[in-house]
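Source file: my_file_20.txt (compact mmCIF, N, CA and C atoms)
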```txt
# COMPACT_ATOMS: atom_id res chain seq x y z
N MET K 1 -30.72 -80.41 -17.79
CA MET K 1 -30.52 -80.83 -16.41
C MET K 1 -30.81 -79.63 -15.50
N THR K 2 -31.75 -79.79 -14.60
CA THR K 2 -32.15 -78.73 -13.68
C THR K 2 -31.47 -78.94 -12.33
N SER K 3 -31.00 -77.86 -11.76
CA SER K 3 -30.37 -77.92 -10.44
C SER K 3 -31.43 -78.17 -9.38
N ARG K 4 -31.12 -79.03 -8.44
CA ARG K 4 -32.05 -79.29 -7.34
C ARG K 4 -32.12 -78.12 -6.37
N THR K 5 -31.03 -77.35 -6.29
CA THR K 5 -31.01 -76.26 -5.32
C THR K 5 -31.66 -74.99 -5.85
N THR K 6 -31.56 -74.72 -7.15
CA THR K 6 -32.12 -73.47 -7.69
C THR K 6 -33.37 -73.70 -8.52
N GLY K 7 -33.58 -74.92 -8.97
CA GLY K 7 -34.72 -75.18 -9.85
C GLY K 7 -34.50 -74.67 -11.26
N ARG K 8 -33.27 -74.25 -11.58
CA ARG K 8 -32.96 -73.70 -12.90
C ARG K 8 -31.83 -74.50 -13.55
N ARG K 9 -31.86 -74.50 -14.86
CA ARG K 9 -30.76 -75.11 -15.61
C ARG K 9 -29.58 -74.16 -15.60
N PRO K 10 -28.35 -74.67 -15.65
CA PRO K 10 -27.18 -73.78 -15.66
C PRO K 10 -27.22 -72.73 -16.77
N ASP K 11 -27.75 -73.11 -17.94
CA ASP K 11 -27.81 -72.18 -19.07
C ASP K 11 -28.76 -71.01 -18.81
N GLU K 12 -29.55 -71.08 -17.78
CA GLU K 12 -30.46 -69.99 -17.46
C GLU K 12 -29.76 -68.88 -16.67
N PHE K 13 -28.55 -69.11 -16.24
CA PHE K 13 -27.78 -68.10 -15.50
C PHE K 13 -26.87 -67.37 -16.48
N LEU K 14 -27.10 -66.09 -16.63
CA LEU K 14 -26.34 -65.28 -17.58
C LEU K 14 -24.84 -65.37 -17.31
N GLU K 15 -24.44 -65.23 -16.06
CA GLU K 15 -23.01 -65.26 -15.73
C GLU K 15 -22.37 -66.59 -16.11
N TYR K 16 -23.10 -67.68 -15.91
CA TYR K 16 -22.60 -69.00 -16.29
C TYR K 16 -22.32 -69.04 -17.79
N ARG K 17 -23.27 -68.55 -18.57
CA ARG K 17 -23.10 -68.54 -20.02
C ARG K 17 -21.95 -67.64 -20.45
N LEU K 18 -21.81 -66.48 -19.79
CA LEU K 18 -20.72 -65.57 -20.14
C LEU K 18 -19.36 -66.17 -19.81
N VAL K 19 -19.25 -66.83 -18.67
CA VAL K 19 -17.98 -67.47 -18.29
C VAL K 19 -17.64 -68.57 -19.28
N ARG K 20 -18.64 -69.37 -19.63
CA ARG K 20 -18.41 -70.46 -20.59
C ARG K 20 -17.99 -69.90 -21.95
N LEU K 21 -18.67 -68.83 -22.39
CA LEU K 21 -18.32 -68.20 -23.67
C LEU K 21 -16.93 -67.60 -23.60
N ALA K 22 -16.60 -66.94 -22.50
CA ALA K 22 -15.27 -66.34 -22.35
C ALA K 22 -14.18 -67.40 -22.45
N SER K 23 -14.42 -68.55 -21.88
CA SER K 23 -13.44 -69.64 -21.96
C SER K 23 -13.24 -70.10 -23.40
N ARG K 24 -14.34 -70.24 -24.12
CA ARG K 24 -14.25 -70.64 -25.53
C ARG K 24 -13.54 -69.57 -26.37
N LEU K 25 -13.88 -68.32 -26.11
CA LEU K 25 -13.26 -67.23 -26.87
C LEU K 25 -11.77 -67.13 -26.57
N GLU K 26 -11.39 -67.35 -25.32
CA GLU K 26 -9.97 -67.30 -24.97
C GLU K 26 -9.20 -68.40 -25.71
N ARG K 27 -9.78 -69.60 -25.78
CA ARG K 27 -9.11 -70.68 -26.52
C ARG K 27 -8.98 -70.33 -28.00
N ARG K 28 -10.03 -69.73 -28.55
CA ARG K 28 -10.01 -69.33 -29.96
C ARG K 28 -8.97 -68.23 -30.20
N PHE K 29 -8.90 -67.28 -29.28
CA PHE K 29 -7.93 -66.19 -29.36
C PHE K 29 -6.51 -66.76 -29.28
N ALA K 30 -6.29 -67.67 -28.33
CA ALA K 30 -4.97 -68.31 -28.18
C ALA K 30 -4.60 -69.08 -29.44
N SER K 31 -5.55 -69.75 -30.03
CA SER K 31 -5.30 -70.50 -31.26
C SER K 31 -4.90 -69.57 -32.40
N ALA K 32 -5.57 -68.43 -32.50
CA ALA K 32 -5.23 -67.46 -33.54
C ALA K 32 -3.82 -66.91 -33.35
N LEU K 33 -3.43 -66.73 -32.08
CA LEU K 33 -2.09 -66.20 -31.78
C LEU K 33 -0.98 -67.25 -31.84
N ALA K 34 -1.33 -68.52 -31.87
CA ALA K 34 -0.35 -69.60 -31.80
C ALA K 34 0.83 -69.44 -32.76
N PRO K 35 0.62 -69.03 -34.01
CA PRO K 35 1.77 -68.89 -34.92
C PRO K 35 2.82 -67.89 -34.42
N THR K 36 2.43 -66.97 -33.57
CA THR K 36 3.38 -65.97 -33.06
C THR K 36 4.10 -66.43 -31.81
N GLY K 37 3.57 -67.48 -31.17
CA GLY K 37 4.14 -67.93 -29.90
C GLY K 37 3.72 -67.06 -28.72
N LEU K 38 2.82 -66.12 -28.95
CA LEU K 38 2.32 -65.26 -27.87
C LEU K 38 1.07 -65.86 -27.26
N SER K 39 0.95 -65.72 -25.95
CA SER K 39 -0.30 -66.05 -25.28
C SER K 39 -1.20 -64.81 -25.35
N PRO K 40 -2.50 -64.97 -25.12
CA PRO K 40 -3.36 -63.79 -25.09
C PRO K 40 -2.87 -62.74 -24.08
N ARG K 41 -2.37 -63.16 -22.94
CA ARG K 41 -1.90 -62.20 -21.94
C ARG K 41 -0.64 -61.48 -22.43
N GLN K 42 0.28 -62.19 -23.07
CA GLN K 42 1.48 -61.56 -23.61
C GLN K 42 1.12 -60.56 -24.70
N PHE K 43 0.16 -60.92 -25.54
CA PHE K 43 -0.33 -60.00 -26.55
C PHE K 43 -0.86 -58.73 -25.89
N SER K 44 -1.64 -58.92 -24.83
CA SER K 44 -2.20 -57.77 -24.10
C SER K 44 -1.11 -56.91 -23.50
N VAL K 45 -0.09 -57.53 -22.95
CA VAL K 45 1.03 -56.78 -22.37
C VAL K 45 1.68 -55.90 -23.44
N LEU K 46 1.96 -56.48 -24.59
CA LEU K 46 2.59 -55.70 -25.66
C LEU K 46 1.69 -54.56 -26.11
N ARG K 47 0.38 -54.82 -26.23
CA ARG K 47 -0.56 -53.77 -26.63
C ARG K 47 -0.60 -52.63 -25.62
N VAL K 48 -0.70 -52.98 -24.33
CA VAL K 48 -0.78 -51.95 -23.29
C VAL K 48 0.51 -51.15 -23.24
N LEU K 49 1.65 -51.83 -23.31
CA LEU K 49 2.93 -51.12 -23.27
C LEU K 49 3.10 -50.19 -24.47
N THR K 50 2.61 -50.61 -25.60
CA THR K 50 2.70 -49.80 -26.81
C THR K 50 1.78 -48.58 -26.72
N GLU K 51 0.59 -48.79 -26.19
CA GLU K 51 -0.40 -47.73 -26.11
C GLU K 51 -0.21 -46.80 -24.91
N THR K 52 0.49 -47.29 -23.87
CA THR K 52 0.64 -46.53 -22.63
C THR K 52 2.10 -46.53 -22.19
N PRO K 53 2.97 -45.84 -22.90
CA PRO K 53 4.38 -45.80 -22.50
C PRO K 53 4.50 -45.25 -21.07
N GLY K 54 5.40 -45.84 -20.30
CA GLY K 54 5.64 -45.38 -18.95
C GLY K 54 4.74 -46.02 -17.91
N VAL K 55 3.87 -46.94 -18.33
CA VAL K 55 2.99 -47.62 -17.39
C VAL K 55 3.84 -48.43 -16.41
N THR K 56 3.42 -48.46 -15.15
CA THR K 56 4.16 -49.24 -14.15
C THR K 56 3.76 -50.70 -14.25
N SER K 57 4.55 -51.56 -13.63
CA SER K 57 4.25 -52.99 -13.63
C SER K 57 2.91 -53.26 -12.96
N ALA K 58 2.61 -52.56 -11.88
CA ALA K 58 1.32 -52.75 -11.18
C ALA K 58 0.16 -52.31 -12.06
N GLU K 59 0.32 -51.17 -12.74
CA GLU K 59 -0.73 -50.70 -13.65
C GLU K 59 -0.91 -51.67 -14.81
N LEU K 60 0.20 -52.19 -15.30
CA LEU K 60 0.17 -53.16 -16.38
C LEU K 60 -0.58 -54.42 -15.94
N ALA K 61 -0.30 -54.89 -14.74
CA ALA K 61 -0.98 -56.08 -14.22
C ALA K 61 -2.49 -55.87 -14.19
N ARG K 62 -2.92 -54.71 -13.69
CA ARG K 62 -4.36 -54.42 -13.67
C ARG K 62 -4.94 -54.39 -15.08
N ALA K 63 -4.22 -53.79 -15.99
CA ALA K 63 -4.72 -53.64 -17.37
C ALA K 63 -4.87 -54.97 -18.08
N VAL K 64 -4.01 -55.94 -17.76
CA VAL K 64 -4.08 -57.24 -18.44
C VAL K 64 -4.72 -58.32 -17.58
N LEU K 65 -5.35 -57.89 -16.49
CA LEU K 65 -6.14 -58.77 -15.63
C LEU K 65 -5.31 -59.89 -14.98
N THR K 66 -4.19 -59.49 -14.41
CA THR K 66 -3.39 -60.44 -13.65
C THR K 66 -2.96 -59.76 -12.36
N THR K 67 -2.25 -60.48 -11.54
CA THR K 67 -1.79 -59.91 -10.27
C THR K 67 -0.40 -59.32 -10.45
N PRO K 68 -0.05 -58.35 -9.61
CA PRO K 68 1.32 -57.82 -9.67
C PRO K 68 2.37 -58.91 -9.45
N GLN K 69 2.05 -59.89 -8.62
CA GLN K 69 3.00 -60.99 -8.36
C GLN K 69 3.23 -61.84 -9.60
N SER K 70 2.23 -61.97 -10.45
CA SER K 70 2.37 -62.76 -11.68
C SER K 70 3.04 -61.97 -12.80
N MET K 71 3.02 -60.65 -12.69
CA MET K 71 3.56 -59.81 -13.75
C MET K 71 5.07 -59.97 -13.88
N GLY K 72 5.78 -60.08 -12.76
CA GLY K 72 7.24 -60.22 -12.82
C GLY K 72 7.69 -61.41 -13.65
N PRO K 73 7.20 -62.63 -13.35
CA PRO K 73 7.59 -63.79 -14.15
C PRO K 73 7.16 -63.67 -15.62
N LEU K 74 5.99 -63.07 -15.85
CA LEU K 74 5.52 -62.89 -17.23
C LEU K 74 6.47 -61.97 -17.99
N LEU K 75 6.86 -60.86 -17.36
CA LEU K 75 7.81 -59.94 -18.00
C LEU K 75 9.18 -60.58 -18.16
N ASP K 76 9.59 -61.42 -17.20
CA ASP K 76 10.86 -62.15 -17.33
C ASP K 76 10.86 -63.01 -18.59
N GLN K 77 9.76 -63.74 -18.81
CA GLN K 77 9.64 -64.59 -20.00
C GLN K 77 9.72 -63.75 -21.27
N MET K 78 9.01 -62.64 -21.27
CA MET K 78 8.98 -61.80 -22.46
C MET K 78 10.32 -61.12 -22.69
N GLU K 79 11.00 -60.78 -21.61
CA GLU K 79 12.33 -60.18 -21.72
C GLU K 79 13.32 -61.20 -22.27
N SER K 80 13.22 -62.44 -21.82
CA SER K 80 14.14 -63.47 -22.31
C SER K 80 13.92 -63.77 -23.80
N ARG K 81 12.72 -63.50 -24.30
CA ARG K 81 12.43 -63.67 -25.73
C ARG K 81 12.81 -62.43 -26.53
N GLY K 82 13.25 -61.37 -25.82
CA GLY K 82 13.65 -60.14 -26.50
C GLY K 82 12.48 -59.28 -26.92
N LEU K 83 11.31 -59.45 -26.29
CA LEU K 83 10.12 -58.69 -26.67
C LEU K 83 9.98 -57.39 -25.90
N VAL K 84 10.49 -57.37 -24.68
CA VAL K 84 10.45 -56.18 -23.84
C VAL K 84 11.81 -55.98 -23.17
N GLU K 85 12.05 -54.77 -22.73
CA GLU K 85 13.25 -54.43 -21.97
C GLU K 85 12.83 -53.70 -20.71
N ARG K 86 13.53 -54.02 -19.62
CA ARG K 86 13.32 -53.27 -18.38
C ARG K 86 14.66 -52.67 -18.00
N SER K 87 14.60 -51.52 -17.37
CA SER K 87 15.85 -50.87 -16.97
C SER K 87 16.54 -51.72 -15.91
N ALA K 88 17.82 -51.55 -15.79
CA ALA K 88 18.60 -52.30 -14.81
C ALA K 88 18.34 -51.80 -13.40
N GLU K 89 17.68 -50.68 -13.26
CA GLU K 89 17.46 -50.05 -11.95
C GLU K 89 16.22 -50.59 -11.26
N ARG K 90 16.10 -51.91 -11.23
CA ARG K 90 14.94 -52.50 -10.57
C ARG K 90 15.22 -52.69 -9.10
N GLY K 91 14.18 -52.55 -8.32
CA GLY K 91 14.29 -52.77 -6.89
C GLY K 91 12.93 -52.69 -6.26
N ARG K 92 12.81 -53.27 -5.11
CA ARG K 92 11.53 -53.29 -4.41
C ARG K 92 11.06 -51.85 -4.16
N GLY K 93 9.80 -51.57 -4.58
CA GLY K 93 9.24 -50.25 -4.35
C GLY K 93 9.63 -49.21 -5.39
N ARG K 94 10.46 -49.62 -6.36
CA ARG K 94 10.86 -48.68 -7.42
C ARG K 94 10.27 -49.13 -8.75
N ALA K 95 9.70 -48.19 -9.45
CA ALA K 95 9.15 -48.49 -10.77
C ALA K 95 10.30 -48.70 -11.75
N ALA K 96 10.23 -49.78 -12.49
CA ALA K 96 11.24 -50.06 -13.51
C ALA K 96 10.60 -49.83 -14.87
N PRO K 97 11.10 -48.86 -15.61
CA PRO K 97 10.51 -48.62 -16.93
C PRO K 97 10.57 -49.87 -17.81
N ILE K 98 9.47 -50.12 -18.48
CA ILE K 98 9.34 -51.28 -19.37
C ILE K 98 9.05 -50.74 -20.76
N ARG K 99 9.76 -51.25 -21.73
CA ARG K 99 9.49 -50.81 -23.09
C ARG K 99 9.50 -52.00 -24.03
N VAL K 100 8.71 -51.87 -25.08
CA VAL K 100 8.63 -52.91 -26.11
C VAL K 100 9.83 -52.73 -27.04
N THR K 101 10.52 -53.82 -27.32
CA THR K 101 11.67 -53.78 -28.23
C THR K 101 11.19 -53.77 -29.68
N ASP K 102 12.12 -53.58 -30.59
CA ASP K 102 11.78 -53.65 -32.02
C ASP K 102 11.22 -55.03 -32.37
N ALA K 103 11.82 -56.08 -31.79
CA ALA K 103 11.32 -57.44 -32.04
C ALA K 103 9.90 -57.60 -31.49
N GLY K 104 9.63 -57.02 -30.33
CA GLY K 104 8.30 -57.06 -29.74
C GLY K 104 7.29 -56.32 -30.60
N THR K 105 7.70 -55.18 -31.14
CA THR K 105 6.83 -54.39 -32.01
C THR K 105 6.50 -55.16 -33.28
N ALA K 106 7.50 -55.81 -33.86
CA ALA K 106 7.28 -56.59 -35.08
C ALA K 106 6.34 -57.76 -34.81
N LEU K 107 6.54 -58.45 -33.70
CA LEU K 107 5.68 -59.58 -33.36
C LEU K 107 4.26 -59.11 -33.06
N LEU K 108 4.14 -57.97 -32.40
CA LEU K 108 2.81 -57.41 -32.12
C LEU K 108 2.09 -57.06 -33.41
N ARG K 109 2.81 -56.54 -34.39
CA ARG K 109 2.22 -56.22 -35.69
C ARG K 109 1.68 -57.50 -36.35
N GLU K 110 2.49 -58.55 -36.32
CA GLU K 110 2.07 -59.84 -36.89
C GLU K 110 0.85 -60.38 -36.14
N ALA K 111 0.91 -60.34 -34.81
CA ALA K 111 -0.21 -60.83 -34.00
C ALA K 111 -1.45 -59.98 -34.24
N GLY K 112 -1.27 -58.69 -34.41
CA GLY K 112 -2.39 -57.80 -34.67
C GLY K 112 -3.14 -58.18 -35.93
N ARG K 113 -2.41 -58.58 -36.96
CA ARG K 113 -3.07 -59.01 -38.21
C ARG K 113 -3.92 -60.26 -37.97
N LEU K 114 -3.39 -61.18 -37.16
CA LEU K 114 -4.14 -62.40 -36.86
C LEU K 114 -5.39 -62.11 -36.04
N VAL K 115 -5.25 -61.23 -35.07
CA VAL K 115 -6.38 -60.85 -34.21
C VAL K 115 -7.41 -60.07 -35.02
N ASP K 116 -6.94 -59.20 -35.91
CA ASP K 116 -7.87 -58.46 -36.78
C ASP K 116 -8.69 -59.40 -37.64
N ALA K 117 -8.05 -60.45 -38.17
CA ALA K 117 -8.77 -61.42 -39.00
C ALA K 117 -9.83 -62.14 -38.17
N LEU K 118 -9.48 -62.51 -36.97
CA LEU K 118 -10.44 -63.17 -36.08
C LEU K 118 -11.60 -62.24 -35.76
N ASP K 119 -11.29 -61.00 -35.44
CA ASP K 119 -12.31 -60.02 -35.10
C ASP K 119 -13.21 -59.74 -36.31
N SER K 120 -12.63 -59.65 -37.48
CA SER K 120 -13.42 -59.39 -38.69
C SER K 120 -14.42 -60.52 -38.93
N ALA K 121 -13.98 -61.75 -38.73
CA ALA K 121 -14.87 -62.89 -38.92
C ALA K 121 -16.03 -62.84 -37.93
N THR K 122 -15.74 -62.46 -36.70
CA THR K 122 -16.80 -62.36 -35.68
C THR K 122 -17.77 -61.24 -36.03
N ARG K 123 -17.23 -60.09 -36.44
CA ARG K 123 -18.09 -58.96 -36.82
C ARG K 123 -18.98 -59.33 -38.01
N GLN K 124 -18.40 -60.04 -38.96
CA GLN K 124 -19.17 -60.43 -40.15
C GLN K 124 -20.30 -61.39 -39.74
N ARG K 125 -19.98 -62.30 -38.86
CA ARG K 125 -20.99 -63.26 -38.39
C ARG K 125 -22.14 -62.55 -37.67
N LEU K 126 -21.80 -61.56 -36.86
CA LEU K 126 -22.82 -60.83 -36.10
C LEU K 126 -23.61 -59.85 -36.97
N GLY K 127 -22.94 -59.21 -37.89
CA GLY K 127 -23.57 -58.13 -38.64
C GLY K 127 -23.39 -56.83 -37.87
N ALA K 128 -23.47 -55.72 -38.57
CA ALA K 128 -23.17 -54.41 -37.98
C ALA K 128 -24.12 -54.06 -36.83
N ARG K 129 -25.42 -54.27 -37.02
CA ARG K 129 -26.39 -53.88 -35.99
C ARG K 129 -26.20 -54.70 -34.71
N ASP K 130 -26.08 -56.01 -34.86
CA ASP K 130 -25.90 -56.86 -33.67
C ASP K 130 -24.55 -56.60 -33.00
N HIS K 131 -23.54 -56.30 -33.79
CA HIS K 131 -22.24 -55.99 -33.20
C HIS K 131 -22.33 -54.73 -32.34
N ARG K 132 -22.96 -53.69 -32.86
CA ARG K 132 -23.13 -52.45 -32.08
C ARG K 132 -23.92 -52.72 -30.80
N GLU K 133 -24.97 -53.52 -30.90
CA GLU K 133 -25.78 -53.82 -29.72
C GLU K 133 -25.00 -54.64 -28.70
N LEU K 134 -24.25 -55.62 -29.18
CA LEU K 134 -23.42 -56.41 -28.26
C LEU K 134 -22.38 -55.54 -27.59
N ASP K 135 -21.76 -54.66 -28.34
CA ASP K 135 -20.77 -53.74 -27.78
C ASP K 135 -21.42 -52.87 -26.70
N ARG K 136 -22.61 -52.38 -26.98
CA ARG K 136 -23.32 -51.54 -26.00
C ARG K 136 -23.63 -52.34 -24.73
N LEU K 137 -24.12 -53.57 -24.89
CA LEU K 137 -24.47 -54.40 -23.73
C LEU K 137 -23.23 -54.79 -22.93
N LEU K 138 -22.14 -55.07 -23.62
CA LEU K 138 -20.90 -55.40 -22.90
C LEU K 138 -20.42 -54.21 -22.09
N THR K 139 -20.55 -53.02 -22.62
CA THR K 139 -20.18 -51.80 -21.89
C THR K 139 -21.04 -51.65 -20.64
N VAL K 140 -22.34 -51.89 -20.79
CA VAL K 140 -23.24 -51.82 -19.63
C VAL K 140 -22.82 -52.82 -18.57
N LEU K 141 -22.54 -54.06 -18.98
CA LEU K 141 -22.12 -55.09 -18.02
C LEU K 141 -20.78 -54.75 -17.38
N GLU K 142 -19.83 -54.29 -18.17
CA GLU K 142 -18.52 -53.92 -17.61
C GLU K 142 -18.66 -52.81 -16.59
N ASP K 143 -19.49 -51.82 -16.88
CA ASP K 143 -19.71 -50.73 -15.94
C ASP K 143 -20.40 -51.24 -14.67
N HIS K 144 -21.32 -52.19 -14.82
CA HIS K 144 -22.04 -52.74 -13.69
C HIS K 144 -21.14 -53.58 -12.79
N VAL K 145 -20.34 -54.42 -13.42
CA VAL K 145 -19.48 -55.34 -12.67
C VAL K 145 -18.26 -54.61 -12.11
N GLY K 146 -17.71 -53.67 -12.88
CA GLY K 146 -16.52 -52.94 -12.42
C GLY K 146 -15.33 -53.86 -12.29
N ASP K 147 -14.45 -53.54 -11.35
CA ASP K 147 -13.24 -54.34 -11.12
C ASP K 147 -13.44 -55.38 -10.04
N GLY K 148 -14.56 -55.41 -9.42
CA GLY K 148 -14.70 -56.26 -8.27
C GLY K 148 -15.56 -57.42 -8.43
```
Reformat the file's structure so that it appears as structure tokens.
Amino acid sequence: MTSRTTGRRPDEFLEYRLVRLASRLERRFASALAPTGLSPRQFSVLRVLTETPGVTSAELARAVLTTPQSMGPLLDQMESRGLVERSAERGRGRAAPIRVTDAGTALLREAGRLVDALDSATRQRLGARDHRELDRLLTVLEDHVGDG
């Protein structure tokens, strides 16, 4: 099906294909994480907090591709599950230290095994050379697109 306005099929637009692929990959990632009860974003939060102790909520939001306004409710959910802890000294304009609990660390380890299996299957399907090339091209695109 060709667009009347552009004269091109949707599949001819690289960004269209990337968005469609990203949606499929996110569903696949979520499915792999389902046994843990973690969403892809919650998994990312645990990974970032583990790798970057002392990160602020705003920095965390940027790292996991959400808004600072959405981070509070997300952390509330994770805190109620016992996956993260925030200090009691929370207040507007004050950074509240966030840390992964032992339960969060254990769940992240379990989720990591599931994600590793998914990633291994994708790498095997691509092969080493194509994987390296895709990684290189993704880096080029990420640098080109930036945060905006």
What lies within 7 Å of region 23-32 of chain K using only N, CA and C atoms, ignoring chain neighbours under 6 positions off, as a list in words?
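Selected residues are Leu38, Ser39, Pro40, Leu114 and Val115 of chain K.
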With DSSP run on the backbone, what are the helix (DSSP H, G or I) residues within region 5-132 of chain K? I'd like them as a ChimeraX atom specification.
/K:10-12,14-36,40-51,57-63,68-80,102-126,128-132
Looking only at strand (DSSP E or B) from DSSP on the backbone, list the matching residues of chain K as a ChimeraX atom specification.
/K:84-86,91,94,98-100
Quick one: of K:Thr122, K:Phe13, K:Leu49, K:Leu60, who's nearest to Leu134 (chain K), counting only C-alpha atoms?
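So, comparing all the options, the nearest one is K:Thr122.
Across the structure, CA of Asp119 (chain K) and CA of Glu79 (chain K) are spaced 28.0 Å apart.
Straight-line separation from atom N of Leu18 (chain K) to atom N of Val48 (chain K): 25.5 Å.
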For a test of reading the model, state the distance in Å between atom C of Val100 (chain K) and atom C of Asp116 (chain K), rounded to one decimal.
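Taking atom C of Val100 (chain K) and atom C of Asp116 (chain K), their separation equals 22.4 Å.
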Got a sec to write region 42-91 of chain K of the block to a file, C-alpha atoms, as a PDB file, in the first residue's frame?
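Heads up, here's the output in result-v7.pdb:
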```
ATOM      1  CA  GLN K  42      10.992  -1.952  36.370  1.00  0.00           C
ATOM      2  CA  PHE K  43      13.800  -4.226  35.216  1.00  0.00           C
ATOM      3  CA  SER K  44      15.608  -1.152  33.881  1.00  0.00           C
ATOM      4  CA  VAL K  45      15.101   0.700  37.160  1.00  0.00           C
ATOM      5  CA  LEU K  46      16.652  -2.154  39.130  1.00  0.00           C
ATOM      6  CA  ARG K  47      19.576  -2.386  36.681  1.00  0.00           C
ATOM      7  CA  VAL K  48      20.287   1.355  36.777  1.00  0.00           C
ATOM      8  CA  LEU K  49      20.020   1.516  40.567  1.00  0.00           C
ATOM      9  CA  THR K  50      22.364  -1.446  40.898  1.00  0.00           C
ATOM     10  CA  GLU K  51      24.894  -0.054  38.438  1.00  0.00           C
ATOM     11  CA  THR K  52      24.651   3.593  39.572  1.00  0.00           C
ATOM     12  CA  PRO K  53      24.243   3.828  43.354  1.00  0.00           C
ATOM     13  CA  GLY K  54      23.213   7.297  44.486  1.00  0.00           C
ATOM     14  CA  VAL K  55      21.424   8.178  41.247  1.00  0.00           C
ATOM     15  CA  THR K  56      18.646  10.730  41.751  1.00  0.00           C
ATOM     16  CA  SER K  57      15.043  10.076  40.801  1.00  0.00           C
ATOM     17  CA  ALA K  58      15.320  12.568  37.911  1.00  0.00           C
ATOM     18  CA  GLU K  59      18.506  10.908  36.632  1.00  0.00           C
ATOM     19  CA  LEU K  60      16.837   7.531  36.979  1.00  0.00           C
ATOM     20  CA  ALA K  61      13.830   8.734  34.968  1.00  0.00           C
ATOM     21  CA  ARG K  62      16.111   9.870  32.137  1.00  0.00           C
ATOM     22  CA  ALA K  63      18.038   6.601  32.207  1.00  0.00           C
ATOM     23  CA  VAL K  64      14.901   4.455  31.908  1.00  0.00           C
ATOM     24  CA  LEU K  65      13.212   6.727  29.360  1.00  0.00           C
ATOM     25  CA  THR K  66      10.340   8.016  31.439  1.00  0.00           C
ATOM     26  CA  THR K  67       9.364  11.344  32.930  1.00  0.00           C
ATOM     27  CA  PRO K  68      10.239  12.462  36.454  1.00  0.00           C
ATOM     28  CA  GLN K  69       6.489  12.686  37.135  1.00  0.00           C
ATOM     29  CA  SER K  70       6.050   9.002  36.240  1.00  0.00           C
ATOM     30  CA  MET K  71       9.038   7.893  38.292  1.00  0.00           C
ATOM     31  CA  GLY K  72       7.371   8.546  41.669  1.00  0.00           C
ATOM     32  CA  PRO K  73       4.425   6.172  41.114  1.00  0.00           C
ATOM     33  CA  LEU K  74       6.739   3.587  39.543  1.00  0.00           C
ATOM     34  CA  LEU K  75       9.037   3.682  42.580  1.00  0.00           C
ATOM     35  CA  ASP K  76       5.983   3.553  44.882  1.00  0.00           C
ATOM     36  CA  GLN K  77       4.895   0.297  43.190  1.00  0.00           C
ATOM     37  CA  MET K  78       8.368  -1.169  43.447  1.00  0.00           C
ATOM     38  CA  GLU K  79       8.706  -0.074  47.061  1.00  0.00           C
ATOM     39  CA  SER K  80       5.379  -1.702  47.949  1.00  0.00           C
ATOM     40  CA  ARG K  81       6.706  -4.961  46.438  1.00  0.00           C
ATOM     41  CA  GLY K  82       9.820  -4.655  48.604  1.00  0.00           C
ATOM     42  CA  LEU K  83      12.166  -4.265  45.616  1.00  0.00           C
ATOM     43  CA  VAL K  84      13.513  -0.806  46.460  1.00  0.00           C
ATOM     44  CA  GLU K  85      13.770   1.418  49.521  1.00  0.00           C
ATOM     45  CA  ARG K  86      13.732   5.182  49.701  1.00  0.00           C
ATOM     46  CA  SER K  87      14.803   7.181  52.701  1.00  0.00           C
ATOM     47  CA  ALA K  88      12.095   8.714  54.841  1.00  0.00           C
ATOM     48  CA  GLU K  89      13.593  12.156  54.194  1.00  0.00           C
ATOM     49  CA  ARG K  90      11.630  12.801  51.033  1.00  0.00           C
ATOM     50  CA  GLY K  91      10.446  16.243  50.133  1.00  0.00           C
TER      51      GLY K  91
END
```
